[in-house]
>>> print(open('coords_0.tsv').read())   # TSV, C-alpha atoms
chain	number	residue	atom	x	y	z
A	1	MET	CA	5.80	13.26	6.04
A	2	ARG	CA	8.91	15.12	7.14
A	3	GLU	CA	6.63	17.84	8.52
A	4	HIS	CA	4.88	15.32	10.78
A	5	SER	CA	8.18	13.98	12.12
A	6	GLU	CA	9.29	17.53	12.89
A	7	ASP	CA	6.20	17.93	15.07
A	8	ILE	CA	6.06	14.49	16.69
A	9	LYS	CA	9.81	14.26	17.31
A	10	PRO	CA	10.35	10.49	17.36
A	11	PRO	CA	13.76	9.49	18.77
A	12	ARG	CA	15.16	8.70	15.32
A	13	ALA	CA	13.67	9.20	11.86
A	14	LEU	CA	15.04	9.03	8.35
A	15	TRP	CA	13.23	11.08	5.74
A	16	VAL	CA	13.30	9.46	2.30
A	17	PRO	CA	12.34	11.21	-0.95
A	18	TYR	CA	10.17	8.39	-2.28
A	19	GLU	CA	6.52	8.31	-3.12
A	20	LEU	CA	4.02	6.97	-0.61
A	21	GLY	CA	3.85	3.19	-0.81
A	22	ARG	CA	7.55	2.73	-1.58
A	23	PRO	CA	9.42	3.63	1.63
A	24	LEU	CA	12.47	1.57	0.57
A	25	GLY	CA	12.54	3.36	-2.78
A	26	LEU	CA	12.94	0.83	-5.56
A	27	PRO	CA	11.33	-2.60	-5.95
A	28	ASN	CA	13.61	-5.44	-7.03
A	29	ASP	CA	16.81	-3.57	-6.19
A	30	ALA	CA	18.26	-5.20	-3.09
A	31	GLU	CA	21.37	-3.03	-3.02
A	32	PHE	CA	19.31	0.16	-3.18
A	33	GLN	CA	17.04	-1.13	-0.40
A	34	LYS	CA	20.01	-2.14	1.74
A	35	ARG	CA	21.52	1.34	1.47
A	36	VAL	CA	18.26	2.83	2.73
A	37	SER	CA	18.04	0.25	5.51
A	38	ARG	CA	21.63	0.82	6.63
A	39	ALA	CA	21.09	4.59	6.70
A	40	CYS	CA	17.96	4.18	8.81
A	41	LEU	CA	19.40	1.66	11.27
A	42	GLY	CA	22.61	3.68	11.34
A	43	LEU	CA	20.72	6.39	13.23
A	44	LEU	CA	21.05	4.09	16.25
A	45	ASP	CA	24.65	5.32	16.52
A	46	ALA	CA	23.54	8.85	17.41
A	47	ASP	CA	24.56	9.98	20.88
A	48	SER	CA	21.57	12.25	21.42
A	49	GLY	CA	18.23	12.98	19.86
A	50	PRO	CA	15.69	13.42	18.52
A	51	VAL	CA	17.35	12.75	15.19
A	52	LEU	CA	15.73	13.60	11.87
A	53	GLU	CA	17.99	13.03	8.89
A	54	ASP	CA	17.33	13.42	5.18
A	55	TYR	CA	18.33	10.51	2.97
A	56	PRO	CA	20.07	11.93	-0.09
A	57	GLU	CA	19.68	9.20	-2.72
A	58	ASP	CA	16.74	9.75	-5.04
A	59	ILE	CA	15.48	7.10	-7.43
A	60	PRO	CA	17.16	7.05	-10.86
A	61	ALA	CA	15.39	9.26	-13.39
A	62	ASP	CA	14.56	6.42	-15.76
A	63	THR	CA	12.57	4.60	-13.10
A	64	GLY	CA	10.67	7.67	-11.97
A	65	THR	CA	7.13	8.69	-12.65
A	66	VAL	CA	5.95	9.68	-16.11
A	67	ASP	CA	3.65	12.30	-17.54
A	68	PHE	CA	0.01	11.68	-18.27
A	69	ILE	CA	0.51	12.73	-21.87
A	70	GLY	CA	1.24	10.20	-24.58
A	71	MET	CA	0.47	7.03	-22.66
A	72	SER	CA	-0.27	3.99	-24.75
A	73	CYS	CA	-1.32	0.50	-23.85
A	74	PRO	CA	1.09	-2.27	-24.82
A	75	ILE	CA	-1.55	-4.90	-24.09
A	76	ASP	CA	-4.05	-5.24	-26.93
A	77	LEU	CA	-7.39	-4.55	-25.31
A	78	PRO	CA	-10.78	-3.79	-26.77
A	79	TYR	CA	-11.46	-0.06	-26.84
A	80	PRO	CA	-13.80	0.72	-23.94
A	81	PRO	CA	-17.28	0.90	-25.48
A	82	SER	CA	-19.69	3.67	-24.60
A	83	ASN	CA	-22.71	1.40	-24.41
A	84	ASP	CA	-23.14	0.09	-20.88
A	85	SER	CA	-24.34	-3.38	-21.77
A	86	GLU	CA	-21.31	-3.80	-23.99
A	87	LEU	CA	-19.19	-2.47	-21.17
A	88	THR	CA	-20.21	-5.22	-18.81
A	89	ARG	CA	-19.56	-7.92	-21.38
A	90	SER	CA	-16.26	-6.35	-22.26
A	91	LEU	CA	-14.97	-6.51	-18.68
A	92	LEU	CA	-14.88	-10.28	-18.63
A	93	GLN	CA	-13.32	-10.29	-22.09
A	94	GLU	CA	-10.69	-7.82	-20.91
A	95	ILE	CA	-9.88	-9.91	-17.85
A	96	GLY	CA	-9.41	-12.90	-20.12
A	97	GLN	CA	-7.03	-10.97	-22.37
A	98	ILE	CA	-4.97	-9.71	-19.44
A	99	ALA	CA	-4.79	-13.10	-17.73
A	100	PRO	CA	-1.66	-14.31	-19.60
A	101	TRP	CA	0.28	-11.25	-18.41
A	102	TYR	CA	-0.98	-11.78	-14.88
A	103	ASP	CA	0.11	-15.43	-15.04
A	104	LEU	CA	3.52	-14.29	-16.27
A	105	ALA	CA	3.81	-11.82	-13.38
A	106	VAL	CA	2.93	-14.51	-10.85
A	107	SER	CA	5.42	-16.89	-12.43
A	108	GLN	CA	8.20	-14.29	-12.40
A	109	ARG	CA	7.57	-13.12	-8.83
A	110	SER	CA	6.40	-16.39	-7.33
A	111	ARG	CA	3.65	-14.46	-5.64
A	112	THR	CA	0.47	-12.47	-6.10
A	113	THR	CA	-1.17	-9.85	-3.95
A	114	VAL	CA	-4.61	-10.68	-5.34
A	115	GLY	CA	-6.82	-12.49	-2.87
A	116	ILE	CA	-8.36	-10.12	-0.33
A	117	SER	CA	-11.88	-10.84	-1.64
A	118	GLY	CA	-11.45	-14.59	-1.57
A	119	LEU	CA	-13.08	-14.72	-5.02
A	120	HIS	CA	-11.74	-16.03	-8.31
A	121	ILE	CA	-10.98	-13.01	-10.47
A	122	ILE	CA	-13.80	-13.84	-12.89
A	123	ASP	CA	-16.26	-14.02	-10.00
A	124	ALA	CA	-14.91	-10.69	-8.73
A	125	GLY	CA	-15.62	-9.19	-12.15
A	126	ARG	CA	-19.08	-10.67	-12.20
A	127	PHE	CA	-19.91	-9.23	-8.77
A	128	LEU	CA	-18.74	-5.78	-9.84
A	129	ILE	CA	-20.96	-5.99	-12.91
A	130	ASP	CA	-23.89	-7.31	-10.86
A	131	PHE	CA	-23.59	-4.46	-8.36
A	132	ILE	CA	-23.35	-1.76	-11.03
A	133	GLU	CA	-26.39	-3.15	-12.82
A	134	ASP	CA	-28.36	-3.81	-9.63
A	135	PRO	CA	-27.05	-2.38	-6.31
A	136	SER	CA	-29.38	-4.72	-4.42
A	137	SER	CA	-27.32	-7.68	-5.60
A	138	PRO	CA	-26.30	-9.90	-2.70
A	139	SER	CA	-22.72	-10.35	-1.57
A	140	PRO	CA	-21.18	-13.47	-3.10
A	141	ARG	CA	-19.86	-14.33	0.35
A	142	PRO	CA	-22.46	-14.70	3.09
A	143	ASP	CA	-19.89	-13.82	5.75
A	144	VAL	CA	-19.05	-10.42	4.20
A	145	GLU	CA	-21.53	-7.57	3.75
A	146	VAL	CA	-21.99	-6.00	0.34
A	147	GLY	CA	-20.09	-2.76	1.08
A	148	PRO	CA	-16.82	-4.34	2.28
A	149	MET	CA	-17.19	-7.05	-0.35
A	150	LEU	CA	-17.36	-4.42	-3.06
A	151	LYS	CA	-14.19	-2.78	-1.71
A	152	TYR	CA	-12.31	-6.09	-1.59
A	153	THR	CA	-13.53	-6.97	-5.08
A	154	CYS	CA	-12.36	-3.66	-6.51
A	155	GLU	CA	-8.96	-4.00	-4.80
A	156	ASP	CA	-8.48	-7.50	-6.22
A	157	LEU	CA	-9.41	-6.40	-9.73
A	158	LYS	CA	-7.06	-3.41	-9.54
A	159	ALA	CA	-4.25	-5.61	-8.22
A	160	PHE	CA	-4.86	-8.18	-10.98
A	161	TYR	CA	-4.59	-5.50	-13.67
A	162	SER	CA	-1.65	-3.76	-12.02
A	163	GLU	CA	0.35	-6.95	-11.57
A	164	ALA	CA	-0.31	-7.90	-15.19
A	165	MET	CA	0.72	-4.52	-16.58
A	166	SER	CA	3.82	-4.16	-14.42
A	167	ALA	CA	5.10	-7.46	-15.86
A	168	GLN	CA	5.57	-5.63	-19.14
A	169	PRO	CA	9.09	-4.33	-19.88
A	170	GLY	CA	9.55	-0.75	-18.75
A	171	MET	CA	6.25	-0.66	-16.86
A	172	SER	CA	7.48	-0.65	-13.26
A	173	ALA	CA	6.79	3.05	-12.57
A	174	SER	CA	3.70	3.52	-10.48
A	175	LEU	CA	2.08	6.30	-12.49
A	176	THR	CA	2.55	4.43	-15.76
A	177	VAL	CA	0.54	1.50	-14.46
A	178	GLU	CA	-1.99	3.71	-12.74
A	179	ASN	CA	-2.64	5.91	-15.79
A	180	TRP	CA	-3.24	2.88	-17.95
A	181	LEU	CA	-5.66	1.29	-15.51
A	182	TRP	CA	-7.76	4.38	-14.91
A	183	ASN	CA	-7.76	5.84	-18.40
A	184	GLU	CA	-7.42	3.02	-20.91
A	185	THR	CA	-9.26	-0.03	-19.60
A	186	VAL	CA	-12.82	-1.23	-19.35
A	187	LEU	CA	-12.26	-1.82	-15.65
A	188	GLY	CA	-11.21	1.79	-15.17
A	189	LYS	CA	-14.31	2.97	-16.96
A	190	MET	CA	-16.52	0.75	-14.80
A	191	LEU	CA	-14.92	1.99	-11.59
A	192	TRP	CA	-15.38	5.59	-12.68
A	193	ARG	CA	-19.06	4.80	-13.26
A	194	LEU	CA	-19.29	3.10	-9.86
A	195	ARG	CA	-17.94	6.26	-8.27
A	196	GLU	CA	-20.21	8.61	-10.17
A	197	ASP	CA	-23.32	6.54	-9.47
A	198	HIS	CA	-22.73	6.01	-5.75
A	199	VAL	CA	-21.09	9.08	-4.18
A	200	ASN	CA	-24.37	9.77	-2.40
A	201	TYR	CA	-25.36	6.13	-1.89
A	202	PRO	CA	-27.31	5.55	1.36
A	203	ASP	CA	-25.09	2.64	2.43
A	204	ALA	CA	-22.28	4.41	4.28
A	205	CYS	CA	-19.66	1.86	3.29
A	206	VAL	CA	-20.51	2.03	-0.40
A	207	GLY	CA	-20.78	5.83	-0.28
A	208	TYR	CA	-17.37	6.12	1.37
A	209	LEU	CA	-15.91	3.70	-1.16
A	210	ALA	CA	-17.19	5.83	-4.02
A	211	GLN	CA	-16.03	9.11	-2.48
A	212	ARG	CA	-12.67	8.24	-0.92
A	213	ALA	CA	-11.59	4.64	-1.27
A	214	LEU	CA	-11.87	3.74	-4.93
A	215	ILE	CA	-9.96	6.11	-7.21
A	216	PRO	CA	-6.68	7.87	-6.35
A	217	ASP	CA	-6.97	11.62	-5.80
A	218	ARG	CA	-4.42	12.36	-8.51
A	219	GLN	CA	-6.55	10.57	-11.09
A	220	ILE	CA	-9.66	12.41	-9.90
A	221	GLN	CA	-7.87	15.75	-10.14
A	222	PHE	CA	-6.47	14.93	-13.57
A	223	LYS	CA	-10.00	14.20	-14.75
A	224	GLY	CA	-11.26	17.39	-13.15
A	225	ALA	CA	-13.78	15.55	-10.99
A	226	LEU	CA	-14.78	16.53	-7.49
A	227	VAL	CA	-12.41	15.40	-4.74
A	228	PHE	CA	-14.17	14.46	-1.51
A	229	GLU	CA	-12.10	15.07	1.58
A	230	THR	CA	-11.99	12.67	4.50
A	231	ALA	CA	-14.43	13.73	7.21
B	1	MET	CA	8.10	9.58	4.30
B	2	ALA	CA	7.58	11.43	1.07
B	3	ARG	CA	7.61	14.94	-0.32
B	4	LEU	CA	4.46	16.77	0.72
B	5	GLU	CA	4.56	18.81	-2.50
B	6	ASP	CA	4.34	15.60	-4.57
B	7	ILE	CA	1.02	14.60	-3.03
B	8	PRO	CA	-2.25	15.58	-4.77
B	9	GLU	CA	-3.85	18.71	-3.38
B	10	GLY	CA	-6.80	17.10	-1.61
B	11	GLU	CA	-4.68	14.52	0.17
B	12	ARG	CA	-1.96	17.11	0.83
B	13	GLU	CA	-4.35	19.51	2.53
B	14	MET	CA	-5.75	16.67	4.64
B	15	LEU	CA	-2.24	15.66	5.69
B	16	LYS	CA	-1.33	19.26	6.54
B	17	ARG	CA	-4.37	19.55	8.78
B	18	LEU	CA	-3.90	16.13	10.36
B	19	PRO	CA	-4.09	16.42	14.14
B	20	LEU	CA	-0.82	15.11	15.53
B	21	PRO	CA	-0.15	13.75	19.01
B	22	SER	CA	2.08	15.87	21.18
B	23	PHE	CA	4.40	14.63	23.88
B	24	ASP	CA	5.82	16.38	26.92
B	25	THR	CA	9.17	14.66	26.60
B	26	THR	CA	11.43	13.39	23.83
B	27	PRO	CA	12.78	10.12	25.23
B	28	PHE	CA	16.05	8.91	23.76
B	29	VAL	CA	18.02	5.83	24.75
B	30	LYS	CA	21.40	4.91	23.38
B	31	GLY	CA	21.54	1.14	23.40
B	32	LYS	CA	23.98	-1.54	22.45
B	33	PRO	CA	26.00	-1.43	19.19
B	34	ILE	CA	24.04	-1.86	15.96
B	35	SER	CA	25.85	-5.11	15.22
B	36	GLN	CA	24.30	-6.64	18.34
B	37	ARG	CA	20.74	-5.45	17.77
B	38	ARG	CA	17.74	-7.72	17.33
B	39	VAL	CA	15.34	-6.03	14.90
B	40	SER	CA	11.60	-6.41	14.34
B	41	ILE	CA	9.51	-4.61	11.71
B	42	LEU	CA	6.35	-2.66	12.47
B	43	SER	CA	4.55	-1.69	9.26
B	44	THR	CA	1.55	0.62	8.85
B	45	ALA	CA	0.61	-0.98	5.51
B	46	ALA	CA	-2.17	-3.22	6.88
B	47	LEU	CA	-0.30	-6.26	5.68
B	48	GLN	CA	-1.71	-9.58	6.71
B	49	LYS	CA	-1.34	-13.26	6.09
B	50	ARG	CA	-3.57	-14.34	3.23
B	51	ASP	CA	-6.00	-16.30	5.39
B	52	ASP	CA	-6.08	-13.90	8.33
B	53	LYS	CA	-8.88	-11.45	9.06
B	54	VAL	CA	-8.97	-8.41	6.78
B	55	PHE	CA	-8.36	-5.02	8.41
B	56	SER	CA	-11.74	-3.32	8.33
B	57	ARG	CA	-12.12	0.43	7.82
B	58	GLY	CA	-10.86	2.38	10.81
B	59	GLU	CA	-9.89	-0.77	12.71
B	60	ALA	CA	-7.38	-0.14	15.48
B	61	SER	CA	-5.78	-3.53	15.77
B	62	TYR	CA	-2.62	-5.30	14.73
B	63	GLN	CA	-1.65	-8.47	12.96
B	64	VAL	CA	1.37	-10.70	13.33
B	65	ILE	CA	3.61	-11.69	10.44
B	66	PRO	CA	5.82	-14.62	11.46
B	67	GLY	CA	9.31	-14.32	10.04
B	68	ASP	CA	8.97	-17.54	8.06
B	69	THR	CA	5.88	-16.34	6.17
B	70	THR	CA	6.42	-16.61	2.43
B	71	PRO	CA	5.94	-13.40	0.41
B	72	ASN	CA	3.07	-15.01	-1.51
B	73	ASP	CA	1.22	-15.43	1.77
B	74	ILE	CA	1.26	-11.70	2.52
B	75	ILE	CA	-1.47	-9.45	1.13
B	76	MET	CA	-2.54	-5.89	1.93
B	77	SER	CA	-5.92	-4.68	3.19
B	78	HIS	CA	-5.19	-0.98	3.71
B	79	GLY	CA	-8.22	1.12	2.80
B	80	SER	CA	-6.45	4.12	1.29
B	81	VAL	CA	-6.05	4.41	-2.46
B	82	ASN	CA	-3.67	7.34	-2.23
B	83	PHE	CA	-0.39	5.48	-2.09
B	84	ASP	CA	1.31	3.31	-4.66
B	85	ARG	CA	0.67	-0.43	-4.48
B	86	SER	CA	2.51	-1.41	-7.65
B	87	GLY	CA	5.87	-1.40	-5.86
B	88	PHE	CA	4.51	-3.74	-3.19
B	89	GLN	CA	3.07	-5.94	-5.92
B	90	GLN	CA	6.48	-6.22	-7.57
B	91	ASP	CA	8.55	-6.67	-4.42
B	92	LEU	CA	7.35	-7.03	-0.84
B	93	ASN	CA	10.65	-5.61	0.42
B	94	VAL	CA	9.87	-2.15	-0.90
B	95	CYS	CA	7.55	-1.71	2.09
B	96	PHE	CA	8.31	-4.71	4.31
B	97	PRO	CA	12.10	-5.22	4.11
B	98	LEU	CA	12.33	-8.57	5.83
B	99	GLU	CA	14.76	-10.03	3.29
B	100	ARG	CA	16.93	-6.91	3.53
B	101	LEU	CA	17.18	-7.33	7.31
B	102	HIS	CA	18.41	-10.88	6.81
B	103	ASP	CA	20.92	-9.54	4.29
B	104	LEU	CA	22.17	-7.09	6.93
B	105	VAL	CA	22.54	-9.90	9.43
B	106	GLY	CA	24.66	-11.72	6.85
B	107	GLU	CA	26.85	-8.66	6.52
B	108	GLY	CA	27.20	-8.35	10.28
B	109	PHE	CA	25.56	-4.92	10.21
B	110	ILE	CA	22.83	-5.98	12.67
B	111	GLY	CA	22.80	-8.89	15.07
B	112	SER	CA	19.58	-10.79	14.34
B	113	VAL	CA	16.08	-10.58	12.94
B	114	ALA	CA	13.11	-11.18	15.20
B	115	ASP	CA	10.90	-14.21	14.73
B	116	TYR	CA	7.76	-12.07	14.58
B	117	HIS	CA	6.84	-8.81	12.89
B	118	TYR	CA	3.73	-6.66	13.13
B	119	THR	CA	1.41	-4.56	11.02
B	120	VAL	CA	-1.27	-1.98	11.71
B	121	ALA	CA	-3.48	0.02	9.38
B	122	GLY	CA	-2.12	3.53	9.04
B	123	GLY	CA	-4.78	6.22	8.93
B	124	VAL	CA	-6.25	5.28	12.29
B	125	GLU	CA	-5.97	7.97	14.94
B	126	PRO	CA	-2.75	7.17	16.86
B	127	GLU	CA	-4.45	7.31	20.25
B	128	ARG	CA	-6.78	4.47	19.23
B	129	ASN	CA	-3.80	2.25	18.50
B	130	GLU	CA	-2.16	2.76	21.90
B	131	GLY	CA	-3.46	-0.56	23.18
B	132	SER	CA	-2.10	-2.39	20.14
B	133	ALA	CA	1.22	-0.57	20.48
B	134	ARG	CA	1.57	-1.64	24.10
B	135	GLN	CA	0.72	-5.25	23.26
B	136	ILE	CA	3.19	-5.28	20.39
B	137	ALA	CA	5.90	-3.79	22.61
B	138	GLY	CA	5.27	-6.52	25.19
B	139	LEU	CA	5.48	-9.25	22.57
B	140	MET	CA	8.71	-7.80	21.22
B	141	GLN	CA	10.24	-7.66	24.69
B	142	ARG	CA	9.46	-11.34	25.19
B	143	GLU	CA	11.69	-12.26	22.26
B	144	CYS	CA	14.41	-9.81	23.27
B	145	VAL	CA	13.83	-7.33	20.45
B	146	ASP	CA	15.71	-4.11	21.18
B	147	THR	CA	15.17	-2.31	17.87
B	148	VAL	CA	11.95	-1.61	15.99
B	149	LEU	CA	12.10	-0.64	12.34
B	150	LEU	CA	8.93	1.38	11.91
B	151	VAL	CA	8.06	1.45	8.21
B	152	PRO	CA	5.21	3.80	7.32
B	153	ILE	CA	3.47	3.16	4.02
>>> encode(input="coords_0.tsv", output="structure tokens")
Amino acid sequence: MREHSEDIKPPRALWVPYELGRPLGLPNDAEFQKRVSRACLGLLDADSGPVLEDYPEDIPADTGTVDFIGMSCPIDLPYPPSNDSELTRSLLQEIGQIAPWYDLAVSQRSRTTVGISGLHIIDAGRFLIDFIEDPSSPSPRPDVEVGPMLKYTCEDLKAFYSEAMSAQPGMSASLTVENWLWNETVLGKMLWRLREDHVNYPDACVGYLAQRALIPDRQIQFKGALVFETA
Amino acid sequence: MARLEDIPEGEREMLKRLPLPSFDTTPFVKGKPISQRRVSILSTAALQKRDDKVFSRGEASYQVIPGDTTPNDIIMSHGSVNFDRSGFQQDLNVCFPLERLHDLVGEGFIGSVADYHYTVAGGVEPERNEGSARQIAGLMQRECVDTVLLVPI
């Protein structure tokens, strides 16, 4: 935050107009990233400080965020069913349908960010289902307690879906991917249910996950749900 | 850094009320020319090597990313869900610009890239990370780093 730098007064700081999570601005644009890097490191030339400069180059409009309205899903997925038992079965089916796009993303990027849980993605899906159906379900890893395991599992599932969707042409904008995941997928519906069922859960880790560490605030506000603030 | 007005209200209000450390002085050192600098990255994105220990919630610690780590071996265990991860998923350099630093060495803009880089989990009270910061500074000094590129997530 520019406001924080104004207060803290580090010796040199470059404010950039990019959303949180993308401090270099644009993924897969080395020239853009180099311009930002040169501007930042160029502050070393200043004779006195503290220095707080604004970087002027915004991201091109066609790679920016998009509205919530009119989103459609270019991956053919089953419509999220309202019956819970169908929902759980549908998650594994959905993962299977997304897998080719995920494989394509991994092939194109030669990397994946999935892996924090240490579980195969199908096993991650199964654990999420098991926990929703029976919160006393044990952690699939004896070395990790259920609460952290649930967080890692959710992060891996979200990353799997996000990597798959962002492999689609024209789907690099963050909000495009995010809107699809939270509003048009079985996984999104299951995570919403996990939140609603466990905001007051006695396990502090699971309760915190449901309140603050599962669904982005902007999705919660769009849905009109209650936003829990960090204590 | 980002625009405060672009952040959802709940997160924005939390950030506006965030207690910030205050300092009595504003130290500033003008060092050697940029083209002779040796640069290391310090990220707050809770990045880690795939097989390393996951950052737990509220953990004030740091992890080391050797410069020869492949992008596929770097994952993220930050607890917050209120920043974009899709950019990181598409290109590590959007939050950890190691390849860009090597590009700048090739251009002669900076002198060299450090052999080791570091990550912490942003969101931890800064005072709790003082010990990690001092250790990281010591490690950087040992390999003659004179410039730290601090990249907040």
>>> closest_residue(input="coords_0.tsv", among="A:Thr112, A:Ser107, A:Gln33, A:Asn28", to="Pro71 in chain B", atoms="all atoms listed in the file")
A:Thr112
>>> atom_distance(input="coords_0.tsv", atom1="CA of Arg142 in chain B", atom2="CA of Val113 in chain B")
13.9 Å
>>> closest_atom_pairs(input="coords_0.tsv", of="chain B", to="chain A", cutoff="6 Å", atoms="all atoms listed in the file", output="CSV")
residue,atom,partner,partner_atom,distance
B:Met1,CA,A:Met1,CA,4.7
B:Ala2,CA,A:Pro17,CA,5.2
B:Pro8,CA,A:Arg218,CA,5.4
B:Phe28,CA,A:Pro11,CA,5.5
B:Asn72,CA,A:Arg111,CA,4.2
B:Ile75,CA,A:Thr113,CA,5.1
B:Ser80,CA,A:Ala213,CA,5.8
B:Val81,CA,A:Pro216,CA,5.2
B:Asn82,CA,A:Pro216,CA,5.1
B:Phe83,CA,A:Leu20,CA,4.9
B:Asp84,CA,A:Gly21,CA,4.6
B:Ser86,CA,A:Ser174,CA,5.8
B:Gly87,CA,A:Pro27,CA,5.6
B:Asp91,CA,A:Pro27,CA,5.2
B:Val94,CA,A:Leu24,CA,4.8
B:Cys95,CA,A:Pro23,CA,5.7
B:Arg100,CA,A:Lys34,CA,6.0
B:Ile153,CA,A:Gly21,CA,4.8
>>> closest_residue(input="coords_0.tsv", among="A:Val144, A:Ile129, A:Met190, A:Ala39", to="Glu53 in chain A", atoms="only C-alpha atoms")
A:Ala39
>>> residues_around(input="coords_0.tsv", residues="Trp192 in chain A", least_positions_apart="5", cutoff="12 Å", atoms="all atoms listed in the file", output="list of chain:residue names")
A:Ile132, A:Cys154, A:Leu181, A:Trp182, A:Asn183, A:Glu184, A:Thr185, A:Val186, A:Leu187, A:Asp197, A:His198, A:Val199, A:Leu209, A:Ala210, A:Gln211, A:Leu214, A:Ile215, A:Pro216, A:Gln219, A:Ile220, A:Lys223, A:Ala225
>>> atom_distance(input="coords_0.tsv", atom1="CA of Val39 in chain B", atom2="CA of Asn129 in chain B")
21.2 Å
>>> build_atoms(input="coords_0.tsv", residues="range 38-51 of chain B", atoms="N, CA and C atoms", output="short mmCIF file (atom, residue, chain, number, x, y, z; two decimals), in the frame of the given file")
data_model
loop_
_atom_site.label_atom_id
_atom_site.label_comp_id
_atom_site.auth_asym_id
_atom_site.auth_seq_id
_atom_site.Cartn_x
_atom_site.Cartn_y
_atom_site.Cartn_z
N ARG B 38 18.75 -6.78 17.83
CA ARG B 38 17.74 -7.72 17.33
C ARG B 38 16.56 -6.87 16.84
N VAL B 39 16.23 -6.99 15.56
CA VAL B 39 15.34 -6.03 14.90
C VAL B 39 14.02 -6.70 14.50
N SER B 40 12.93 -5.99 14.79
CA SER B 40 11.60 -6.41 14.34
C SER B 40 10.99 -5.27 13.53
N ILE B 41 10.17 -5.61 12.56
CA ILE B 41 9.51 -4.61 11.71
C ILE B 41 8.10 -4.34 12.22
N LEU B 42 7.74 -3.06 12.25
CA LEU B 42 6.35 -2.66 12.47
C LEU B 42 5.93 -1.83 11.27
N SER B 43 5.00 -2.35 10.48
CA SER B 43 4.55 -1.69 9.26
C SER B 43 3.16 -1.10 9.46
N THR B 44 2.90 0.04 8.80
CA THR B 44 1.55 0.62 8.85
C THR B 44 0.76 0.30 7.58
N ALA B 45 1.21 -0.70 6.82
CA ALA B 45 0.61 -0.98 5.51
C ALA B 45 -0.58 -1.92 5.56
N ALA B 46 -1.05 -2.26 6.76
CA ALA B 46 -2.17 -3.22 6.88
C ALA B 46 -1.87 -4.50 6.12
N LEU B 47 -0.65 -4.96 6.26
CA LEU B 47 -0.30 -6.26 5.68
C LEU B 47 -0.89 -7.35 6.56
N GLN B 48 -1.14 -8.47 5.96
CA GLN B 48 -1.71 -9.58 6.71
C GLN B 48 -1.39 -10.88 6.00
N LYS B 49 -1.45 -11.95 6.73
CA LYS B 49 -1.34 -13.26 6.09
C LYS B 49 -2.63 -13.49 5.28
N ARG B 50 -2.48 -14.19 4.19
CA ARG B 50 -3.57 -14.34 3.23
C ARG B 50 -4.87 -14.83 3.86
N ASP B 51 -4.78 -15.73 4.81
CA ASP B 51 -6.00 -16.30 5.39
C ASP B 51 -6.43 -15.61 6.68
#
